[in-house]
Structure formats: structure tokens, C-alpha cells
2 protein chains.
Amino acid sequence: MSRVLNDVPVVRAEMRERVRAAIGELGYRPSSTARSLSLGRPQAVGVVAPFFTSPSVVERLRGVVEHVGERGYDLVLYDIETPAQRADAFRDFARRARVDGLLVVSLPLLADEVAALRRENLPVVLVDAEHPEVAHVATDDVRGGELAAEHLLARGHRRIGFVGDVAANPFGFTSSERRRRGLRVALERAGIAPDASLERFGRHDRQDARVLAAQLLRGEDRPTAVFAASDTQAIGVLEAARELGLRVPEDVAVIGFDDIEVASLLDLTTVRQPLRQSGARGAELLIAAIEGDAPRAAPIEPLTVIRRRTT
Amino acid sequence: MSRVLNDVPVVRAEMRERVRAAIGELGYRPSSTARSLSLGRPQAVGVVAPFFTSPSVVERLRGVVEHVGERGYDLVLYDIETPAQRADAFRDFARRARVDGLLVVSLPLLADEVAALRRENLPVVLVDAEHPEVAHVATDDVRGGELAAEHLLARGHRRIGFVGDVAANPFGFTSSERRRRGLRVALERAGIAPDASLERFGRHDRQDARVLAAQLLRGEDRPTAVFAASDTQAIGVLEAARELGLRVPEDVAVIGFDDIEVASLLDLTTVRQPLRQSGARGAELLIAAIEGDAPRAAPIEPLTVIRRRTT
DNA sequence: CTGTTCGCTGTAACCGGTTTCAGGAAGACA
DNA sequence: TGTCTTCCTGAAACCGGTTACAGCGAACAG
């Protein structure tokens with residue numbers, strides 16, 4: 001009986017016991033599917049992310065899993081590694097109602113995707129991405145870019161290169177783009193004119209970053225420092241420097257962003273951001289949106305530069 | 001109407017079109033919850049794993065996600081990082097029927113957990129773990145241990161240390177134990193008596209491995225090579241060597257296991273196993289079990305030693 | 001002693017699909 | 001024209017929970 005399972009207080013103790021006994025005897029297991037149907041909510045949240053392109057996504061996921069589990073929701077995973085998978089996933093959301101809300105991680109949404117989700121009024125929260133019409137967990141990427149630049153400027157660097165993601169999306173800037181803006185802001189404040197020829201853009205992976213960094217570092221008037229929009233890309237920069245026989249940090253300094261685990265292994269200086277916390281926060285916002293509560297405002301740890309051996 | 005959506009061939013073309021039009025007009029989305037209920041199957045598989053203790057688990061997950069998605073099942077994630085989470089998860093399976101089957105990764109099941117799952121006859125497949133009564137995806141860890149040992153023996157090493165998981169850890173990992181057995185087998189075959197004083201066991205992480213390796217490498221008659229049961233632990237060994245001022249591979253050679261991404265970054269020699277493939281294979285076995293098909297027998301790539309700079 | 005209230009429990013409707021079943025329309029054949 | 005198939009479609013039962021509602025006995029007031 002439903003009232004016993006859900007601890008509705010109106011039932012008498014004796015009856016409660018009798019039902020409990022019967023449940024045990026019959027080995028009865030309630031069906032959560034039936035419960036979801038009758039409640040009108042699947043009791044699950046979907047998480048959409050390019051999980052395996054970057055360790056930072058996994059780290060964020062960690063925070064999400066924790067929080068979602070605590071609140072009694074199931075966590076349904078949609079991995080996006082190819083455009084086909086992306087299209088499949090969003091078509092699926094449009095066609096079937098199977099989750100109460102969506103957490104989108106490290107994936108800038110396209111205009112028609114936002115429109116489709118809005119049409120079905122499915123709550124959505126973005127983490128590590130922004131869109132004017134959608135709630136998101138803010139990371140102050142501009143400030144992070146400034147921090148990286150200030151760190152390098154303080155060490156006397158004047159020619160600072162940048163390796164980041166290609167801006168794929170006309171709406172909603174990527175975090176890489178915002179970090180670059182921060183770099184420019186800090187440069188201008190220091191009286192240095194930003195130099196577009198020192199900026200390179202590619203896919204968010206080690207290989208692309210290595211190629212781009214090699215271009216930057218090959219020339220005679222190469223930058224004396226490189227700011228990579230992520231640790232993954234910074235590792236590519238380090239590889240390029242090694243291949244060209246440049247010493248780090250003497251010939252070229254390198255700073256990354258995220259502080260994923262490898263960063264400490266490779267002694268990479270980087271801007272740390274609270275990845276796990278951002279995932280948890282995203283889950284919190286989403287569940288609040290689903291349940292119609294006002295989310296409690298929780299400040300996120302600030303960004304800090306972790307200085308290691310590469311600067 | 002259900003017959004149109006599922007393309008049941010009995011409907012007339014005209015009627016089919018009429019229904020389609022109405023669907024589009026009303027913006028109707030079928031509820032997958034209702035479908036699951038009426039079908040009697042949640043159309044989802046659960047994945048239970050200690051996701052964040054090791055990158056190798058994440059890599060396996062990648063294969064799982066791919067295959068499960070293809071077959072039209074949802075993938076519900078249960079992360080196990082603490083004994084409490086583990087108990088929660090299994091209690092949950094026992095109490096509510098919310099998945100069609102369970103894929104357990106890198107988590108040896110306890111006797112009572114197996115009994116409980118069997119009682120509810122929930123199909124289960126293990127990956128990177130074994131149990132006499134449960135199907136699993138085999139990795140020939142013993143052979144892997146032999147390969148590592150043979151690689152070191154071929155380079156003249158006679159005193160070979162081992163750093164692996166403690167046998168009675170809270171989750172009871174055992175692949176480490178099988179790899180150690182492989183090491184011993186190869187040593188004996190080469191006429192070398194295995195030396196228990198060169199074996200150290202701890203938690204499956206970098207920090208523990210570093211401490212254990214430091215113990216091994218501090219003594220006068222230290223081993224000339226160390227076999228770590230995973231790349232994660234091998235990294236700890238490298239750190240210990242660096243702290244002690246030992247050169248790798250001149251003073252001490254190091255070989256790991258798994259070939260996760262960091263291994264190539266750090267130029268770590270390691271035994272590669274097809275992580276992603278093992279996940280996909282596990283998913284395949286599980287879905288076959290759920291649908292009552294005989295799984296097609298797919299051979300898994302063999303283990304190989306990837307030689308890099310640390311040996 | 002009757003009428004009202006209160007506390008608990010059994011019943012039935014509902015969620016939104018799938019599937020079975022019965023029956024109407026159209027076509028075949030005598 | 002009447003009967004038998006065949007083909008398609010509408011209606012209804014079902015999956016297994018939740019919840020609104022009705023009903024019943026006990027307690028209590030008048």
C-alpha cells in the first residue's frame with residue numbers, strides 16, 4: 001500500500017506493521033516506472049556532455065553525480081562525441097519525455113536546440129557554457145584570463161601568446177573566448193596592445209594545441225609566454241616546446257586553465273577553477289528549477305593561480 | 001496512436017498521414033515512462049562503478065555509453081566512492097525495480113550482493129571483476145602480469161618490485177592480485193624466487209603508491225625495476241623515484257598497466273589493455289542477457305606491452 | 001440516544017502508453 | 001443479393017503505482 005511505503009502519517013502503527021510484514025513475505029518490489037508515471041515526473045535528470053574529450057568534464061560530472069544522487073533523482077547519461085550523437089540526443093529529447101530536466105556541460109547550445117527545449121519547456125541548466133535565455137553556472141572566465149595575464153606580466157612577459165578553442169557558436173561565447181577577452185583586458189590595462197597574430201584557435205585537444213603552438217613558437221619574434229585556454233591545450237603547448245627544443249620556463253613560459261589532475265603531474269602552472277563544485281552547483285540549480293524552488297545562492301570558490309614549474 | 005508511432009504495418013497510408021499531421025500540430029511527445037510501464041521494462045541499464053577513483057574506469061565507461069546508446073537503452077549511473085554509497089546503491093536495486101540489468105565495473109561483488117541480485121533475477125555483467133556465478137568480461141590479468149615481468153626480465157632485471165592494491169580493500173579489487181600472480185609465474189619460470197619483501201599493497205591511488213614505492217626504493221638492496229598494478233600507481237612510483245633522486249630508467253625502471261592517456265604524456269612504459277572495448281563488450285553481454293539472445297562471441301584485443309621511456 | 005466529528009482504511013479513477021478484441025466497411029464469390 | 005473473408009480501426013483492458021473520495025466505527029457533544 002502506497003501510504004505505508006511513503007510514510008504517510010495517517011496510517012495506524014498496527015496496520016503499518018501488517019503491511020510491512022506482507023511486503024517482506026511476498027518479496028514485493030515497487031516499480032519505479034509506475035511511480036514515475038503516476039507522479040507525472042520521470043524522477044531523473046539528463047546530463048549531456050562531451051565526456052571524454054576532456055578530463056575537466058569528468059571532474060565536473062563528479063560533482064553532478066554526487067548532488068543528483070543525494071536528491072533522489074536518477075542520472076541518465078548522454079555522451080556527445082560526434083555531431084551525429086549530438087543530433088540524436090536532442091532529437092530524442094524533442095520526441096520523448098524521459099527526463100525532468102537537462103544539465104548541459106561544456107557544450108554551447110545552438111539557437112534551434114534552445115528553441116526546441118523551450119518549446120517542450122524542459123528545465124535546462126548550462127555548466128561551462130552560456131546562452132542568454134538559459135540559466136547557467138557562472139565561472140568568471142574573463143577574470144581567470146586576467147589572472148593568467150597578470151601572473152605572466154608580473155614575471156616580465158610582454159609578448160604573450162594564446163591558444164584556445166575555435167569560436168564555433170555565434171550566440172553564447174565559449175569559455176575559451178571569455179578567457180581570451182580577460183587576457184586582452186589585462187594587457188590593455190598594462191599598456192600593451194593585444195596582438196591578434198599571437199592568437200591561435202583550434203579544437204579542444206592536445207594534438208591541435210600542439211600544432212598551433214608550434215606555429216606560434218617557430219617564428220623569430222615568438223612570444224615569451226603562452227596562455228592556453230585549458231590544461232589539455234597547455235599540455236599540447238608543452239609538447240610543442242619540447243619538440244622545438246625550447247626550455248620551459250626559460251625560453252617560453254606556459255600557463256593553463258582548470259587545474260585538472262595531470263597539471264600537477266606535469267608541474268604545470270595553471271588557473272584553478274572549482275570544477276567539481278561547478279557540477280554540484282549546476283545540479284542544484286537544475287533540481288531547484290524542476291521542483292519550482294528558488295535555488296539558494298551559493299557562492300563559488302574564486303579562481304586562483306597555482307604556480308608551478310612552467311612559469 | 002501507438003500503431004503509427006511504432007510503424008506497425010497494418011495501418012493504411014492515409015490514416016498514418018492523418019495521425020502524423022495531428023501529432024505535429026499538437027506538439028505531442030510520447031512519454032517514455034508510460035511506454036516502459038506498459039512494456040514492463042524500464043528500457044534502461046544501470047552502471048555501477050567507482051568512476052572517479054581511476055581514469056581507466058572512465059575509459060571503460062566510454063565503451064559502455066556507446067554501445068548502450070546504440071541499442072536504445074538509457075544509461076543510469078551509480079557512482080560508488082564510499083562504502084555508504086555502495087550500500088545505498090545495492091539497497092536501491094533491491095527495493096525498486098528501475099533498470100533492466102546491471103553492469104558492474106571494477107567492483108568485485110560480495111556474496112550477499114550477488115545473492116540479492118539473483119533473488120530479483122536482475123541480469124548482471126561484471127567488467128574488470130569476477131565472480132563464479134556471474135557473467136563477466138575477461139581480461140587476462142595474469143597474462144598481463146607475465147608480460148610486464150617478461151619485459152623487465154628481458155632487460156636484465158632480477159629484483160623486481162611490485163606495487164598494487166591491498167587485497168582486502170573496502171571494495172576488494174582483485175585485478176591487481178591477478179597481475180601480481182602473473183609476475184610471480186614469470187619470475188619462477190625464469191628461475192627467480194619471488195620475494196614477498198619486494199611487494200607493497202595500498203589504496204588504488206597515486207599518493208599511496210608513492211609512499212609504498214618510497215619504502216621499496218629507499219633501502220640499499222632496492223629493486224632495479226618496479227611493476228605497478230596500474231598506471232595511476234605507476235605515476236606514484238615515478239614521483240617517489242624523483243623525490244629520492246633516482247633516475248628512470250637508469251636507476252630504476254618502471255612499468256604500469258592500462259595505458260590510460262597520462263601514460264603517454266609521461267612516457268610511461270605500460271601493459272595496454274583494451275579498456276574501451278571491454279566496456280562495450282560488457283554492455284553487449286548485458287543487453288543480450290536482458291533480451292534473452294545469445295551474445296555473439298567477440299574476441300577482445302590481446303594485451304601488449306607499450307614500451308616508452310621508463311624501461 | 002441521536003447527530004456530528006474524527007481517524008483510519010478500502011475503492012476507484014488516473015497517469016499514458018501497448019495490445020487484444022470486436023466489429024464495420026469493402027471486396028470476393030456463388 | 002446474400003454470405004464469407006479480409007482489412008482496417010475504435011474501444012477497452014492492462015501495466016503498477018498515487019491520490020481523491022467515500023465509508024465505517026469510535027468518540028464526543030448536546
# chains A, B, ... in the order shown; residues from 1 in each chain; ligands from 1
>>> interface_residues(of="chain D", to="chain A", cutoff="7 Å", atoms="only C-alpha atoms (C1' of nucleotides)", output="JSON, numbers by chain")
{"D": [16, 17, 18]}
>>> interface_residues(of="chain A", to="chain B", cutoff="10 Å", atoms="only C-alpha atoms", output="MDAnalysis selection string")
chainID A and resid 27:38 40:42 44:46 51:52 55 58:59 61:62 65:66 69:70 74:81 85 88:89 93:99 119:120 235:236 239 261:262 265:266
>>> calpha_fit_rmsd(fixed="chain B", moving="chain A")
1.2 Å
>>> residues_around(residues="DT20 of chain C", least_positions_apart="2", cutoff="10 Å", atoms="only C-alpha atoms (C1' of nucleotides)", output="ChimeraX atom specification")
/C:18,22 /D:12-14
>>> residues_around(residues="Glu243 of chain B", least_positions_apart="4", cutoff="12 Å", atoms="only C-alpha atoms (C1' of nucleotides)", output="compact mmCIF listing (two decimals) with C-alpha atoms, in the first residue's frame")
# COMPACT_ATOMS: atom_id res chain seq x y z
CA ARG B 210 54.20 6.99 -3.84
CA VAL B 211 54.62 6.19 -0.18
CA ALA B 213 57.38 2.93 -3.64
CA ALA B 214 59.47 5.21 -1.45
CA GLN B 215 59.71 2.37 1.11
CA LEU B 217 63.33 2.30 -3.17
CA ARG B 218 64.94 3.70 -0.05
CA GLY B 236 53.15 7.41 -7.80
CA VAL B 237 56.22 5.23 -8.25
CA LEU B 238 57.72 7.76 -10.65
CA GLU B 239 57.11 10.51 -8.13
CA ARG B 247 66.96 8.33 -12.46
CA VAL B 248 64.35 6.47 -14.50
>>> select_by_dssp(residues="segment 70-242 of chain B", states="strand (DSSP E)", output="VMD selection string")
chain B and resid 74 to 79 101 to 105 124 to 127 135 to 137 160 to 165 199 to 202 225 to 228
>>> write_last_selection(atoms="N, CA and C atoms", output="JSON list (two decimals), in the first residue's frame")
[["chain", "number", "residue", "atom", "x", "y", "z"],
["B", 74, "ASP", "N", 18.52, 3.56, -22.03],
["B", 74, "ASP", "CA", 19.06, 4.66, -21.24],
["B", 74, "ASP", "C", 20.15, 4.10, -20.35],
["B", 75, "LEU", "N", 21.03, 4.99, -19.96],
["B", 75, "LEU", "CA", 22.14, 4.57, -19.12],
["B", 75, "LEU", "C", 22.06, 5.33, -17.81],
["B", 76, "VAL", "N", 21.79, 4.62, -16.74],
["B", 76, "VAL", "CA", 21.65, 5.25, -15.44],
["B", 76, "VAL", "C", 22.90, 4.98, -14.62],
["B", 77, "LEU", "N", 23.45, 6.06, -14.11],
["B", 77, "LEU", "CA", 24.76, 6.00, -13.48],
["B", 77, "LEU", "C", 24.64, 5.88, -11.97],
["B", 78, "TYR", "N", 25.38, 4.95, -11.39],
["B", 78, "TYR", "CA", 25.50, 4.89, -9.95],
["B", 78, "TYR", "C", 26.98, 4.96, -9.61],
["B", 79, "ASP", "N", 27.36, 6.04, -9.02],
["B", 79, "ASP", "CA", 28.77, 6.17, -8.68],
["B", 79, "ASP", "C", 29.00, 5.64, -7.27],
["B", 101, "GLY", "N", 18.89, -4.23, -16.15],
["B", 101, "GLY", "CA", 20.09, -5.02, -15.90],
["B", 101, "GLY", "C", 21.17, -4.13, -15.36],
["B", 102, "LEU", "N", 22.22, -4.77, -14.87],
["B", 102, "LEU", "CA", 23.27, -4.03, -14.19],
["B", 102, "LEU", "C", 24.63, -4.38, -14.76],
["B", 103, "LEU", "N", 25.41, -3.34, -14.99],
["B", 103, "LEU", "CA", 26.78, -3.53, -15.41],
["B", 103, "LEU", "C", 27.66, -3.03, -14.27],
["B", 104, "VAL", "N", 28.45, -3.91, -13.74],
["B", 104, "VAL", "CA", 29.28, -3.54, -12.59],
["B", 104, "VAL", "C", 30.73, -3.48, -13.03],
["B", 105, "VAL", "N", 31.33, -2.32, -12.86],
["B", 105, "VAL", "CA", 32.69, -2.11, -13.37],
["B", 105, "VAL", "C", 33.68, -1.93, -12.23],
["B", 124, "VAL", "N", 23.10, -9.41, -14.60],
["B", 124, "VAL", "CA", 24.28, -8.66, -14.18],
["B", 124, "VAL", "C", 25.49, -9.11, -15.00],
["B", 125, "VAL", "N", 26.30, -8.15, -15.37],
["B", 125, "VAL", "CA", 27.58, -8.48, -16.03],
["B", 125, "VAL", "C", 28.68, -7.70, -15.34],
["B", 126, "LEU", "N", 29.78, -8.36, -15.07],
["B", 126, "LEU", "CA", 30.92, -7.70, -14.44],
["B", 126, "LEU", "C", 31.99, -7.35, -15.47],
["B", 127, "VAL", "N", 32.59, -6.20, -15.29],
["B", 127, "VAL", "CA", 33.74, -5.82, -16.10],
["B", 127, "VAL", "C", 34.88, -5.50, -15.14],
["B", 135, "ALA", "N", 28.25, -13.56, -15.05],
["B", 135, "ALA", "CA", 28.97, -13.39, -16.31],
["B", 135, "ALA", "C", 29.93, -12.22, -16.18],
["B", 136, "HIS", "N", 31.07, -12.32, -16.85],
["B", 136, "HIS", "CA", 31.97, -11.19, -16.80],
["B", 136, "HIS", "C", 32.77, -11.09, -18.09],
["B", 137, "VAL", "N", 33.33, -9.91, -18.30],
["B", 137, "VAL", "CA", 34.22, -9.71, -19.43],
["B", 137, "VAL", "C", 35.63, -10.00, -18.93],
["B", 160, "ILE", "N", 62.67, -7.41, -8.93],
["B", 160, "ILE", "CA", 61.53, -6.65, -9.45],
["B", 160, "ILE", "C", 60.53, -6.40, -8.34],
["B", 161, "GLY", "N", 60.27, -5.14, -8.06],
["B", 161, "GLY", "CA", 59.31, -4.79, -7.02],
["B", 161, "GLY", "C", 57.89, -4.75, -7.58],
["B", 162, "PHE", "N", 56.93, -4.78, -6.68],
["B", 162, "PHE", "CA", 55.53, -4.71, -7.10],
["B", 162, "PHE", "C", 54.77, -3.76, -6.19],
["B", 163, "VAL", "N", 53.98, -2.89, -6.81],
["B", 163, "VAL", "CA", 53.10, -2.01, -6.03],
["B", 163, "VAL", "C", 51.68, -2.21, -6.54],
["B", 164, "GLY", "N", 50.79, -2.66, -5.66],
["B", 164, "GLY", "CA", 49.43, -2.95, -6.11],
["B", 164, "GLY", "C", 48.39, -2.64, -5.05],
["B", 165, "ASP", "N", 47.15, -3.04, -5.34],
["B", 165, "ASP", "CA", 46.05, -2.78, -4.40],
["B", 165, "ASP", "C", 46.12, -3.75, -3.23],
["B", 199, "GLU", "N", 57.14, -6.67, -2.35],
["B", 199, "GLU", "CA", 55.76, -6.38, -2.74],
["B", 199, "GLU", "C", 55.10, -5.46, -1.72],
["B", 200, "ARG", "N", 54.42, -4.44, -2.23],
["B", 200, "ARG", "CA", 53.74, -3.49, -1.34],
["B", 200, "ARG", "C", 52.32, -3.30, -1.81],
["B", 201, "PHE", "N", 51.41, -3.14, -0.84],
["B", 201, "PHE", "CA", 49.99, -3.02, -1.18],
["B", 201, "PHE", "C", 49.36, -1.82, -0.51],
["B", 202, "GLY", "N", 48.54, -1.11, -1.26],
["B", 202, "GLY", "CA", 47.87, 0.05, -0.66],
["B", 202, "GLY", "C", 46.61, 0.39, -1.43],
["B", 225, "ALA", "N", 63.76, -2.58, -10.72],
["B", 225, "ALA", "CA", 62.58, -2.27, -11.52],
["B", 225, "ALA", "C", 61.34, -2.43, -10.66],
["B", 226, "VAL", "N", 60.31, -1.67, -10.98],
["B", 226, "VAL", "CA", 59.04, -1.80, -10.25],
["B", 226, "VAL", "C", 57.90, -1.98, -11.24],
["B", 227, "PHE", "N", 57.07, -2.97, -10.97],
["B", 227, "PHE", "CA", 55.85, -3.20, -11.74],
["B", 227, "PHE", "C", 54.69, -2.68, -10.90],
["B", 228, "ALA", "N", 53.98, -1.70, -11.44],
["B", 228, "ALA", "CA", 52.83, -1.18, -10.73],
["B", 228, "ALA", "C", 51.56, -1.77, -11.35]]
>>> residues_around(residues="segment 22-30 of chain D", least_positions_apart="6", cutoff="9 Å", atoms="only C-alpha atoms (C1' of nucleotides)", output="JSON, numbers by chain")
{"C": [3, 4, 5, 6, 7, 9, 10, 11]}
>>> write_last_selection(atoms="C-alpha atoms (C1' of nucleotides)", output="mmCIF file, in the first residue's frame")
data_model
loop_
_atom_site.group_PDB
_atom_site.id
_atom_site.type_symbol
_atom_site.label_atom_id
_atom_site.label_comp_id
_atom_site.auth_asym_id
_atom_site.auth_seq_id
_atom_site.Cartn_x
_atom_site.Cartn_y
_atom_site.Cartn_z
ATOM 1 C "C1'" DG C 3 -26.027 13.873 15.401
ATOM 2 C "C1'" DT C 4 -21.535 15.315 14.429
ATOM 3 C "C1'" DT C 5 -16.746 14.931 14.155
ATOM 4 C "C1'" DC C 6 -12.615 12.464 13.754
ATOM 5 C "C1'" DG C 7 -9.419 8.895 12.400
ATOM 6 C "C1'" DT C 9 -8.915 2.278 5.551
ATOM 7 C "C1'" DG C 10 -10.863 0.292 1.087
ATOM 8 C "C1'" DT C 11 -12.125 1.554 -3.578
#
>>> interface_residues(of="chain C", to="chain A", cutoff="10 Å", atoms="only C-alpha atoms (C1' of nucleotides)", output="MDAnalysis selection string")
chainID C and resid 7:9 14:17
>>> residues_around(residues="Ala138 of chain B", least_positions_apart="3", cutoff="12 Å", atoms="only C-alpha atoms (C1' of nucleotides)", output="ChimeraX atom specification")
/B:105-106,125-131,134-135,141-143,175,178,273-275,277-279,281-282,285,298-303
>>> residues_around(residues="DT5 of chain D", least_positions_apart="2", cutoff="10 Å", atoms="only C-alpha atoms (C1' of nucleotides)", output="ChimeraX atom specification")
/C:27-28 /D:3,7
>>> select_by_dssp(residues="segment 123-252 of chain A", states="alpha helix (DSSP H)", output="JSON, numbers by chain")
{"A": [141, 142, 143, 144, 145, 146, 147, 148, 149, 150, 151, 152, 153, 154, 175, 176, 177, 178, 179, 180, 181, 182, 183, 184, 185, 186, 187, 188, 189, 206, 207, 208, 209, 210, 211, 212, 213, 214, 215, 216, 217, 218, 231, 232, 233, 234, 235, 236, 237, 238, 239, 240, 241, 242, 243]}
>>> write_last_selection(atoms="C-alpha atoms", output="PDB file, in the first residue's frame")
ATOM      1  CA  ASP A 141      36.348  33.234 -17.133  1.00  0.00           C
ATOM      2  CA  VAL A 142      37.164  36.818 -18.024  1.00  0.00           C
ATOM      3  CA  ARG A 143      38.645  37.285 -14.584  1.00  0.00           C
ATOM      4  CA  GLY A 144      40.504  33.998 -14.995  1.00  0.00           C
ATOM      5  CA  GLY A 145      42.047  35.271 -18.191  1.00  0.00           C
ATOM      6  CA  GLU A 146      43.086  38.425 -16.399  1.00  0.00           C
ATOM      7  CA  LEU A 147      44.661  36.414 -13.605  1.00  0.00           C
ATOM      8  CA  ALA A 148      46.697  34.372 -16.029  1.00  0.00           C
ATOM      9  CA  ALA A 149      47.822  37.502 -17.845  1.00  0.00           C
ATOM     10  CA  GLU A 150      48.675  39.324 -14.631  1.00  0.00           C
ATOM     11  CA  HIS A 151      50.721  36.359 -13.492  1.00  0.00           C
ATOM     12  CA  LEU A 152      52.743  36.456 -16.701  1.00  0.00           C
ATOM     13  CA  LEU A 153      53.006  40.259 -16.758  1.00  0.00           C
ATOM     14  CA  ALA A 154      54.334  40.237 -13.213  1.00  0.00           C
ATOM     15  CA  SER A 175      34.693  29.816 -22.035  1.00  0.00           C
ATOM     16  CA  SER A 176      37.844  29.884 -24.138  1.00  0.00           C
ATOM     17  CA  GLU A 177      36.673  33.056 -25.798  1.00  0.00           C
ATOM     18  CA  ARG A 178      35.957  34.737 -22.478  1.00  0.00           C
ATOM     19  CA  ARG A 179      39.364  33.787 -21.172  1.00  0.00           C
ATOM     20  CA  ARG A 180      40.935  35.402 -24.195  1.00  0.00           C
ATOM     21  CA  ARG A 181      38.943  38.558 -23.508  1.00  0.00           C
ATOM     22  CA  GLY A 182      40.351  38.573 -19.984  1.00  0.00           C
ATOM     23  CA  LEU A 183      43.843  38.296 -21.365  1.00  0.00           C
ATOM     24  CA  ARG A 184      43.228  41.283 -23.625  1.00  0.00           C
ATOM     25  CA  VAL A 185      41.731  43.337 -20.824  1.00  0.00           C
ATOM     26  CA  ALA A 186      44.786  42.784 -18.649  1.00  0.00           C
ATOM     27  CA  LEU A 187      47.165  43.521 -21.498  1.00  0.00           C
ATOM     28  CA  GLU A 188      45.459  46.792 -22.271  1.00  0.00           C
ATOM     29  CA  ARG A 189      45.453  47.774 -18.654  1.00  0.00           C
ATOM     30  CA  ARG A 206      46.221  18.167 -27.206  1.00  0.00           C
ATOM     31  CA  GLN A 207      47.068  17.479 -30.825  1.00  0.00           C
ATOM     32  CA  ASP A 208      45.561  20.639 -32.236  1.00  0.00           C
ATOM     33  CA  ALA A 209      47.099  22.725 -29.498  1.00  0.00           C
ATOM     34  CA  ARG A 210      50.498  21.227 -30.228  1.00  0.00           C
ATOM     35  CA  VAL A 211      50.285  22.160 -33.885  1.00  0.00           C
ATOM     36  CA  LEU A 212      49.058  25.683 -33.143  1.00  0.00           C
ATOM     37  CA  ALA A 213      51.700  26.251 -30.501  1.00  0.00           C
ATOM     38  CA  ALA A 214      54.393  25.053 -32.869  1.00  0.00           C
ATOM     39  CA  GLN A 215      53.281  27.726 -35.349  1.00  0.00           C
ATOM     40  CA  LEU A 216      53.485  30.369 -32.639  1.00  0.00           C
ATOM     41  CA  LEU A 217      56.837  29.276 -31.282  1.00  0.00           C
ATOM     42  CA  ARG A 218      58.655  28.645 -34.520  1.00  0.00           C
ATOM     43  CA  ASP A 231      45.256  22.441 -19.250  1.00  0.00           C
ATOM     44  CA  THR A 232      44.651  19.946 -22.013  1.00  0.00           C
ATOM     45  CA  GLN A 233      45.748  22.532 -24.520  1.00  0.00           C
ATOM     46  CA  ALA A 234      48.604  23.683 -22.313  1.00  0.00           C
ATOM     47  CA  ILE A 235      49.957  20.150 -22.456  1.00  0.00           C
ATOM     48  CA  GLY A 236      49.981  20.404 -26.232  1.00  0.00           C
ATOM     49  CA  VAL A 237      51.906  23.644 -25.895  1.00  0.00           C
ATOM     50  CA  LEU A 238      54.465  21.943 -23.661  1.00  0.00           C
ATOM     51  CA  GLU A 239      54.876  19.181 -26.210  1.00  0.00           C
ATOM     52  CA  ALA A 240      55.437  21.713 -28.980  1.00  0.00           C
ATOM     53  CA  ALA A 241      58.063  23.489 -26.899  1.00  0.00           C
ATOM     54  CA  ARG A 242      59.848  20.234 -26.218  1.00  0.00           C
ATOM     55  CA  GLU A 243      59.841  19.329 -29.895  1.00  0.00           C
TER      56      GLU A 243
END
>>> atom_distance(atom1="atom CA of Gly191 of chain A", atom2="atom CA of Val252 of chain A")
21.5 Å
>>> decode(residues="chain C", atoms="C-alpha atoms (C1' of nucleotides)", output="short mmCIF file (atom, residue, chain, number, x, y, z; two decimals), in the first residue's frame")
data_model
loop_
_atom_site.label_atom_id
_atom_site.label_comp_id
_atom_site.auth_asym_id
_atom_site.auth_seq_id
_atom_site.Cartn_x
_atom_site.Cartn_y
_atom_site.Cartn_z
"C1'" DC C 1 -29.98 8.44 22.29
"C1'" DT C 2 -29.02 10.94 18.24
"C1'" DG C 3 -26.03 13.87 15.40
"C1'" DT C 4 -21.53 15.32 14.43
"C1'" DT C 5 -16.75 14.93 14.15
"C1'" DC C 6 -12.62 12.46 13.75
"C1'" DG C 7 -9.42 8.90 12.40
"C1'" DC C 8 -8.47 5.39 9.65
"C1'" DT C 9 -8.91 2.28 5.55
"C1'" DG C 10 -10.86 0.29 1.09
"C1'" DT C 11 -12.13 1.55 -3.58
"C1'" DA C 12 -11.70 3.54 -7.80
"C1'" DA C 13 -10.01 6.84 -11.03
"C1'" DC C 14 -5.95 8.33 -13.13
"C1'" DC C 15 -1.16 8.68 -15.39
"C1'" DG C 16 -0.13 7.48 -20.94
"C1'" DG C 17 1.32 4.28 -23.38
"C1'" DT C 18 0.65 -1.09 -25.66
"C1'" DT C 19 -2.09 -4.75 -27.08
"C1'" DT C 20 -6.10 -7.54 -27.53
"C1'" DC C 21 -10.51 -7.87 -29.32
"C1'" DA C 22 -14.66 -6.94 -31.54
"C1'" DG C 23 -16.94 -5.04 -35.25
"C1'" DG C 24 -17.67 -2.12 -39.57
"C1'" DA C 25 -16.54 -1.48 -44.44
"C1'" DA C 26 -15.06 -3.26 -48.61
"C1'" DG C 27 -14.18 -6.92 -51.75
"C1'" DA C 28 -14.82 -11.88 -53.49
"C1'" DC C 29 -17.67 -15.35 -54.81
"C1'" DA C 30 -21.92 -18.01 -55.65
#
